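Here's run-v4.txt, which has compact mmCIF, N, CA and C atoms and all ligand atoms:
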```txt
# COMPACT_ATOMS: atom_id res chain seq x y z
N MET C 1 -77.41 -78.12 11.92
CA MET C 1 -76.67 -77.24 11.01
C MET C 1 -77.49 -76.03 10.66
N SER C 2 -76.94 -74.89 10.80
CA SER C 2 -77.63 -73.67 10.46
C SER C 2 -77.21 -73.20 9.07
N ASP C 3 -78.16 -72.63 8.38
CA ASP C 3 -77.84 -72.12 7.06
C ASP C 3 -77.30 -70.70 7.11
N ASN C 4 -77.46 -70.10 8.32
CA ASN C 4 -76.99 -68.72 8.44
C ASN C 4 -75.49 -68.67 8.73
N SER C 5 -74.76 -68.70 7.73
CA SER C 5 -73.32 -68.56 7.95
C SER C 5 -72.97 -67.08 7.88
N GLU C 6 -72.89 -66.52 9.09
CA GLU C 6 -72.67 -65.07 9.11
C GLU C 6 -71.23 -64.72 8.76
N VAL C 7 -70.38 -65.57 9.24
CA VAL C 7 -68.97 -65.29 8.93
C VAL C 7 -68.62 -65.97 7.61
N GLU C 8 -68.73 -65.20 6.62
CA GLU C 8 -68.44 -65.75 5.30
C GLU C 8 -67.24 -65.01 4.71
N GLU C 9 -66.25 -65.72 4.44
CA GLU C 9 -65.06 -65.04 3.92
C GLU C 9 -65.21 -64.77 2.44
N GLU C 10 -65.36 -63.50 2.19
CA GLU C 10 -65.45 -63.12 0.78
C GLU C 10 -64.09 -62.67 0.29
N GLU C 11 -63.86 -62.99 -0.90
CA GLU C 11 -62.58 -62.53 -1.44
C GLU C 11 -62.69 -61.09 -1.88
N ASP C 12 -61.95 -60.26 -1.24
CA ASP C 12 -61.93 -58.86 -1.61
C ASP C 12 -60.84 -58.64 -2.65
N GLU C 13 -61.31 -58.54 -3.87
CA GLU C 13 -60.32 -58.50 -4.94
C GLU C 13 -59.47 -57.24 -4.90
N GLU C 14 -60.11 -56.17 -4.40
CA GLU C 14 -59.35 -54.92 -4.40
C GLU C 14 -58.20 -54.94 -3.40
N LEU C 15 -58.43 -55.69 -2.32
CA LEU C 15 -57.42 -55.69 -1.27
C LEU C 15 -56.43 -56.84 -1.39
N THR C 16 -56.75 -57.76 -2.29
CA THR C 16 -55.83 -58.88 -2.44
C THR C 16 -54.67 -58.50 -3.35
N PRO C 17 -53.51 -58.40 -2.77
CA PRO C 17 -52.38 -58.03 -3.63
C PRO C 17 -51.99 -59.19 -4.52
N SER C 18 -51.61 -58.87 -5.71
CA SER C 18 -51.13 -59.93 -6.59
C SER C 18 -49.80 -60.43 -6.05
N PRO C 19 -49.59 -61.71 -6.15
CA PRO C 19 -48.34 -62.24 -5.59
C PRO C 19 -47.14 -61.63 -6.29
N PRO C 20 -46.16 -61.27 -5.51
CA PRO C 20 -44.98 -60.65 -6.12
C PRO C 20 -44.25 -61.66 -6.98
N PRO C 21 -43.61 -61.19 -8.02
CA PRO C 21 -42.83 -62.12 -8.85
C PRO C 21 -41.69 -62.70 -8.03
N PRO C 22 -41.27 -63.89 -8.35
CA PRO C 22 -40.16 -64.49 -7.59
C PRO C 22 -38.95 -63.58 -7.61
N LEU C 23 -38.42 -63.37 -6.45
CA LEU C 23 -37.31 -62.43 -6.35
C LEU C 23 -36.04 -63.05 -6.93
N LYS C 24 -35.44 -62.29 -7.76
CA LYS C 24 -34.14 -62.71 -8.27
C LYS C 24 -33.08 -61.87 -7.58
N ASP C 25 -31.96 -62.48 -7.37
CA ASP C 25 -30.90 -61.78 -6.67
C ASP C 25 -30.43 -60.56 -7.46
N PHE C 26 -30.13 -60.80 -8.70
CA PHE C 26 -29.62 -59.72 -9.53
C PHE C 26 -30.32 -59.72 -10.88
N PRO C 27 -31.56 -59.23 -10.91
CA PRO C 27 -32.25 -59.21 -12.19
C PRO C 27 -31.65 -58.16 -13.12
N CYS C 28 -31.49 -58.55 -14.37
CA CYS C 28 -30.96 -57.63 -15.36
C CYS C 28 -31.95 -56.48 -15.55
N GLY C 29 -31.45 -55.27 -15.60
CA GLY C 29 -32.31 -54.10 -15.73
C GLY C 29 -32.97 -53.99 -17.08
N ILE C 30 -32.58 -54.84 -18.02
CA ILE C 30 -33.16 -54.75 -19.35
C ILE C 30 -34.06 -55.94 -19.65
N CYS C 31 -33.54 -57.16 -19.49
CA CYS C 31 -34.35 -58.33 -19.84
C CYS C 31 -34.99 -58.96 -18.61
N PHE C 32 -34.61 -58.53 -17.41
CA PHE C 32 -35.17 -58.98 -16.14
C PHE C 32 -34.85 -60.44 -15.83
N GLU C 33 -34.02 -61.04 -16.63
CA GLU C 33 -33.52 -62.37 -16.27
C GLU C 33 -32.38 -62.18 -15.27
N GLU C 34 -32.18 -63.21 -14.47
CA GLU C 34 -31.14 -63.07 -13.47
C GLU C 34 -29.75 -63.00 -14.11
N VAL C 35 -28.95 -62.12 -13.58
CA VAL C 35 -27.56 -62.06 -14.01
C VAL C 35 -26.78 -63.02 -13.13
N LYS C 36 -26.43 -64.15 -13.71
CA LYS C 36 -25.79 -65.18 -12.90
C LYS C 36 -24.28 -65.03 -12.89
N ASP C 37 -23.70 -65.81 -12.01
CA ASP C 37 -22.24 -65.78 -11.88
C ASP C 37 -21.55 -66.04 -13.21
N GLU C 38 -22.11 -67.02 -13.93
CA GLU C 38 -21.44 -67.41 -15.17
C GLU C 38 -21.75 -66.46 -16.32
N ASP C 39 -22.71 -65.56 -16.09
CA ASP C 39 -23.00 -64.57 -17.12
C ASP C 39 -22.00 -63.44 -17.03
N GLU C 40 -21.88 -62.73 -18.12
CA GLU C 40 -21.07 -61.53 -18.07
C GLU C 40 -21.99 -60.39 -17.64
N GLY C 41 -21.87 -60.03 -16.38
CA GLY C 41 -22.75 -59.00 -15.85
C GLY C 41 -21.97 -57.76 -15.47
N ILE C 42 -22.67 -56.65 -15.54
CA ILE C 42 -22.01 -55.39 -15.17
C ILE C 42 -22.97 -54.56 -14.34
N LEU C 43 -22.44 -53.93 -13.33
CA LEU C 43 -23.27 -53.17 -12.39
C LEU C 43 -23.24 -51.69 -12.74
N CYS C 44 -24.41 -51.09 -12.72
CA CYS C 44 -24.50 -49.65 -12.96
C CYS C 44 -24.15 -48.95 -11.65
N GLU C 45 -22.86 -48.81 -11.43
CA GLU C 45 -22.40 -48.29 -10.14
C GLU C 45 -22.64 -46.80 -9.98
N SER C 46 -22.54 -46.08 -11.07
CA SER C 46 -22.68 -44.62 -10.95
C SER C 46 -24.13 -44.19 -11.01
N GLY C 47 -25.04 -45.14 -11.20
CA GLY C 47 -26.44 -44.73 -11.35
C GLY C 47 -27.40 -45.55 -10.53
N CYS C 48 -28.16 -46.41 -11.21
CA CYS C 48 -29.30 -47.07 -10.57
C CYS C 48 -28.91 -48.28 -9.74
N ASP C 49 -27.65 -48.68 -9.80
CA ASP C 49 -27.21 -49.81 -8.97
C ASP C 49 -27.84 -51.13 -9.41
N LYS C 50 -28.18 -51.24 -10.67
CA LYS C 50 -28.76 -52.47 -11.18
C LYS C 50 -27.71 -53.22 -11.98
N TRP C 51 -27.92 -54.54 -12.07
CA TRP C 51 -27.04 -55.36 -12.87
C TRP C 51 -27.58 -55.49 -14.28
N TYR C 52 -26.67 -55.63 -15.21
CA TYR C 52 -27.05 -55.81 -16.61
C TYR C 52 -26.19 -56.89 -17.22
N HIS C 53 -26.80 -57.66 -18.13
CA HIS C 53 -25.98 -58.55 -18.95
C HIS C 53 -25.15 -57.68 -19.89
N ARG C 54 -23.96 -58.14 -20.14
CA ARG C 54 -23.11 -57.37 -21.05
C ARG C 54 -23.82 -57.14 -22.38
N GLN C 55 -24.45 -58.21 -22.87
CA GLN C 55 -25.08 -58.08 -24.18
C GLN C 55 -26.32 -57.19 -24.12
N CYS C 56 -27.05 -57.24 -23.03
CA CYS C 56 -28.23 -56.39 -22.90
C CYS C 56 -27.82 -54.93 -22.87
N ALA C 57 -26.66 -54.66 -22.26
CA ALA C 57 -26.19 -53.29 -22.18
C ALA C 57 -25.54 -52.84 -23.48
N GLY C 58 -25.45 -53.78 -24.43
CA GLY C 58 -24.86 -53.44 -25.71
C GLY C 58 -23.37 -53.16 -25.61
N MET C 59 -22.72 -53.86 -24.70
CA MET C 59 -21.31 -53.59 -24.49
C MET C 59 -20.46 -54.62 -25.22
N SER C 60 -19.41 -54.15 -25.84
CA SER C 60 -18.53 -55.08 -26.54
C SER C 60 -17.71 -55.88 -25.53
N LYS C 61 -17.27 -57.04 -25.97
CA LYS C 61 -16.48 -57.89 -25.07
C LYS C 61 -15.21 -57.17 -24.63
N ASN C 62 -14.62 -56.44 -25.54
CA ASN C 62 -13.41 -55.69 -25.22
C ASN C 62 -13.66 -54.67 -24.12
N ALA C 63 -14.72 -53.91 -24.28
CA ALA C 63 -15.03 -52.87 -23.30
C ALA C 63 -15.33 -53.50 -21.95
N TYR C 64 -16.02 -54.64 -22.02
CA TYR C 64 -16.37 -55.33 -20.78
C TYR C 64 -15.11 -55.81 -20.05
N ASP C 65 -14.21 -56.41 -20.83
CA ASP C 65 -12.97 -56.89 -20.24
C ASP C 65 -12.18 -55.75 -19.60
N LEU C 66 -12.13 -54.65 -20.32
CA LEU C 66 -11.40 -53.49 -19.80
C LEU C 66 -12.01 -53.00 -18.50
N LEU C 67 -13.33 -52.88 -18.53
CA LEU C 67 -14.03 -52.34 -17.36
C LEU C 67 -13.90 -53.24 -16.14
N THR C 68 -14.05 -54.55 -16.39
CA THR C 68 -14.00 -55.46 -15.24
C THR C 68 -12.58 -55.60 -14.70
N ARG C 69 -11.62 -55.33 -15.57
CA ARG C 69 -10.24 -55.42 -15.11
C ARG C 69 -9.84 -54.16 -14.33
N GLU C 70 -10.53 -53.08 -14.64
CA GLU C 70 -10.15 -51.81 -14.05
C GLU C 70 -10.99 -51.54 -12.80
N ASP C 71 -10.37 -51.68 -11.64
CA ASP C 71 -11.11 -51.53 -10.39
C ASP C 71 -11.67 -50.12 -10.20
N SER C 72 -11.00 -49.16 -10.74
CA SER C 72 -11.39 -47.78 -10.47
C SER C 72 -12.43 -47.26 -11.46
N ALA C 73 -12.84 -48.12 -12.39
CA ALA C 73 -13.80 -47.66 -13.39
C ALA C 73 -15.21 -48.02 -12.97
N GLU C 74 -16.07 -47.03 -13.00
CA GLU C 74 -17.48 -47.27 -12.73
C GLU C 74 -18.26 -47.13 -14.01
N TRP C 75 -19.18 -48.04 -14.20
CA TRP C 75 -19.97 -48.03 -15.42
C TRP C 75 -21.38 -47.55 -15.12
N ALA C 76 -22.00 -46.89 -16.07
CA ALA C 76 -23.38 -46.47 -15.91
C ALA C 76 -24.20 -46.94 -17.10
N CYS C 77 -25.44 -47.34 -16.83
CA CYS C 77 -26.30 -47.83 -17.90
C CYS C 77 -26.84 -46.67 -18.73
N ASP C 78 -27.40 -47.04 -19.88
CA ASP C 78 -27.91 -46.06 -20.83
C ASP C 78 -28.92 -45.11 -20.19
N THR C 79 -29.83 -45.70 -19.40
CA THR C 79 -30.88 -44.91 -18.78
C THR C 79 -30.29 -43.84 -17.87
N CYS C 80 -29.32 -44.25 -17.08
CA CYS C 80 -28.74 -43.31 -16.13
C CYS C 80 -27.90 -42.26 -16.84
N ILE C 81 -27.26 -42.67 -17.92
CA ILE C 81 -26.48 -41.70 -18.68
C ILE C 81 -27.39 -40.58 -19.17
N LYS C 82 -28.55 -41.01 -19.71
CA LYS C 82 -29.48 -40.01 -20.25
C LYS C 82 -30.15 -39.22 -19.14
N LYS C 83 -30.52 -39.94 -18.07
CA LYS C 83 -31.30 -39.30 -17.01
C LYS C 83 -30.43 -38.36 -16.17
N ASN C 84 -29.25 -38.82 -15.84
CA ASN C 84 -28.44 -38.05 -14.90
C ASN C 84 -27.29 -37.32 -15.58
N ASN C 85 -27.23 -37.50 -16.90
CA ASN C 85 -26.18 -36.80 -17.64
C ASN C 85 -24.80 -37.12 -17.08
N ILE C 86 -24.55 -38.40 -16.87
CA ILE C 86 -23.25 -38.81 -16.37
C ILE C 86 -22.50 -39.57 -17.45
N PRO C 87 -21.20 -39.59 -17.38
CA PRO C 87 -20.43 -40.31 -18.40
C PRO C 87 -20.62 -41.81 -18.25
N MET C 88 -20.44 -42.53 -19.35
CA MET C 88 -20.66 -43.98 -19.33
C MET C 88 -19.67 -44.66 -18.38
N THR C 89 -18.45 -44.17 -18.39
CA THR C 89 -17.50 -44.71 -17.44
C THR C 89 -16.88 -43.58 -16.66
N LYS C 90 -16.68 -43.84 -15.41
CA LYS C 90 -16.13 -42.82 -14.54
C LYS C 90 -14.97 -43.45 -13.79
N MET C 91 -13.87 -42.75 -13.73
CA MET C 91 -12.75 -43.28 -12.98
C MET C 91 -12.80 -42.74 -11.57
N VAL C 92 -12.80 -43.63 -10.62
CA VAL C 92 -12.82 -43.19 -9.23
C VAL C 92 -11.51 -43.59 -8.57
N PRO C 93 -10.97 -42.71 -7.77
CA PRO C 93 -9.71 -43.03 -7.09
C PRO C 93 -9.90 -44.15 -6.09
N ILE C 94 -8.99 -45.09 -6.09
CA ILE C 94 -9.06 -46.17 -5.11
C ILE C 94 -8.44 -45.69 -3.80
N THR C 95 -9.22 -45.83 -2.76
CA THR C 95 -8.69 -45.37 -1.47
C THR C 95 -8.13 -46.54 -0.68
ZN ZN P 101 -30.26 -59.04 -19.63
ZN ZN P 102 -28.30 -47.23 -14.25
```

Represent the structure contained in this file as structure tokens.
Amino acid sequence: MSDNSEVEEEEDEELTPSPPPPLKDFPCGICFEEVKDEDEGILCESGCDKWYHRQCAGMSKNAYDLLTREDSAEWACDTCIKKNNIPMTKMVPIT
């Protein structure tokens, strides 16, 4: 046995990427918890394309019901409203 171990694997901390967080299918853009099927989720269609819990988006149940019932209505999150100066809801023609 030789003591000269030339090939020594050193951990290069700078090059070791931290493990990515477990991917969620539809993480809420506010609380980062997954927006599940059984949750009331809403998609920021006119902006960042992220899902949000209804409650995280501060949306009333009434508004949510209206929006989800209306196929032609697109919703945008607070961030996108401020960033892109777009209306919270946009009516798009159904083709
Ligand atoms: Zn949330
Ligand atoms: Zn958005």

Taking only C-alpha atoms and all ligand atoms and a cut-off of 7 Å, can you tell me which residues surround ligand ZN 102 (chain P), written as a VMD selection string?
chain C and resid 44 47 to 50 76 to 80

Go through chain C and flag each residue having an atom no more than 7 Å from ligand ZN 101 (chain P); for those, report the closest pair of atoms plus their distance in Å to one decimal, using only C-alpha atoms and all ligand atoms, ordered by chain and rising number, as a tab-separated table.
```
residue	atom	partner	partner_atom	distance
C:Cys28	CA	P:ZN101	ZN	4.6
C:Gly29	CA	P:ZN101	ZN	6.6
C:Ile30	CA	P:ZN101	ZN	5.2
C:Cys31	CA	P:ZN101	ZN	4.2
C:Phe32	CA	P:ZN101	ZN	6.0
C:Glu33	CA	P:ZN101	ZN	5.7
C:Val35	CA	P:ZN101	ZN	6.9
C:Tyr52	CA	P:ZN101	ZN	5.5
C:His53	CA	P:ZN101	ZN	4.4
C:Gln55	CA	P:ZN101	ZN	7.0
C:Cys56	CA	P:ZN101	ZN	4.7
```

Residues flagged helix (DSSP H, G or I) by DSSP in chain C, as a VMD selection string:
chain C and resid 61 to 69 78 to 84

Draw an axis-aligned box tight on the listed atoms of region 35-44 of chain C, then pad every side by 5 Å and write out centre and edge lengths in Å to one decimal as lines of an AutoDock Vina configuration file.
```
center_x = -25.0
center_y = -58.2
center_z = -14.9
size_x = 17.9
size_y = 28.5
size_z = 16.5
```

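Atom pair CA of Asp65 (chain C) / CA of Pro87 (chain C): separated by 18.3 Å.
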
If you run DSSP on the backbone here, which positions in chain C get strand (DSSP E or B)? Please write them as a VMD selection string.
chain C and resid 27 to 28 34 41 to 44 51 to 53 73 to 75 89 to 91

Grab the atom C of Lys90 (chain C) to atom C of Ser46 (chain C) distance for me, in Å with one decimal place.
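Computing the Euclidean distance for atom C of Lys90 (chain C) and atom C of Ser46 (chain C) yields 9.6 Å.
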
With all atoms listed in the file as the basis for distance, which of C:Leu15, C:Met88, C:Ala57, C:Ile94 is at the shortest distance from Ser72 (chain C)?
C:Ile94

For CA of Thr89 (chain C) and atom C of Lys24 (chain C), quote the distance in Å rounded to one decimal.
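So the answer is 25.2 Å.
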
Under the rule that only C-alpha atoms are counted, which of C:Lys36, C:Leu23, C:Ser60, C:Glu45 is the nearest residue to Val92 (chain C)?
C:Glu45

Quick test: take region 40-95 of chain C, keep C-alpha atoms, and write it as a compact mmCIF listing (two decimals), in the first residue's frame.
```txt
# COMPACT_ATOMS: atom_id res chain seq x y z
CA GLU C 40 -58.39 27.19 -5.82
CA GLY C 41 -55.66 28.23 -8.17
CA ILE C 42 -55.47 30.93 -10.75
CA LEU C 43 -52.99 31.40 -13.56
CA CYS C 44 -51.42 34.74 -14.38
CA GLU C 45 -52.18 34.37 -18.04
CA SER C 46 -51.55 37.93 -19.11
CA GLY C 47 -48.22 38.14 -17.33
CA CYS C 48 -45.72 35.81 -15.71
CA ASP C 49 -47.60 32.59 -16.40
CA LYS C 50 -47.38 31.51 -12.78
CA TRP C 51 -50.05 29.88 -10.68
CA TYR C 52 -51.36 31.45 -7.52
CA HIS C 53 -53.62 30.31 -4.74
CA ARG C 54 -56.76 32.34 -4.76
CA GLN C 55 -56.11 33.42 -1.20
CA CYS C 56 -52.47 34.27 -1.85
CA ALA C 57 -53.57 36.49 -4.71
CA GLY C 58 -56.00 38.17 -2.36
CA MET C 59 -58.91 37.32 -4.59
CA SER C 60 -62.44 37.04 -3.29
CA LYS C 61 -64.34 33.83 -3.83
CA ASN C 62 -66.84 35.71 -5.95
CA ALA C 63 -64.20 37.15 -8.23
CA TYR C 64 -62.56 33.77 -8.51
CA ASP C 65 -65.80 32.07 -9.44
CA LEU C 66 -66.51 34.70 -12.05
CA LEU C 67 -63.05 34.48 -13.54
CA THR C 68 -62.93 30.72 -13.68
CA ARG C 69 -66.36 30.58 -15.22
CA GLU C 70 -65.45 33.11 -17.86
CA ASP C 71 -63.29 31.46 -20.51
CA SER C 72 -62.40 34.71 -22.19
CA ALA C 73 -61.12 36.40 -19.05
CA GLU C 74 -57.42 36.47 -18.37
CA TRP C 75 -56.14 37.29 -14.94
CA ALA C 76 -52.87 38.96 -14.05
CA CYS C 77 -51.07 38.91 -10.71
CA ASP C 78 -50.24 41.99 -8.68
CA THR C 79 -46.61 41.97 -9.73
CA CYS C 80 -47.42 41.90 -13.41
CA ILE C 81 -50.08 44.56 -13.04
CA LYS C 82 -47.53 46.89 -11.51
CA LYS C 83 -44.64 45.85 -13.72
CA ASN C 84 -46.36 45.75 -17.07
CA ASN C 85 -49.14 48.18 -16.39
CA ILE C 86 -51.79 45.73 -17.50
CA PRO C 87 -55.35 45.44 -16.23
CA MET C 88 -56.09 42.80 -13.60
CA THR C 89 -58.52 41.11 -15.92
CA LYS C 90 -58.48 41.18 -19.65
CA MET C 91 -61.18 39.89 -21.92
CA VAL C 92 -59.85 38.01 -24.87
CA PRO C 93 -61.99 36.95 -27.81
CA ILE C 94 -62.48 33.23 -28.07
CA THR C 95 -61.47 31.99 -31.45
```
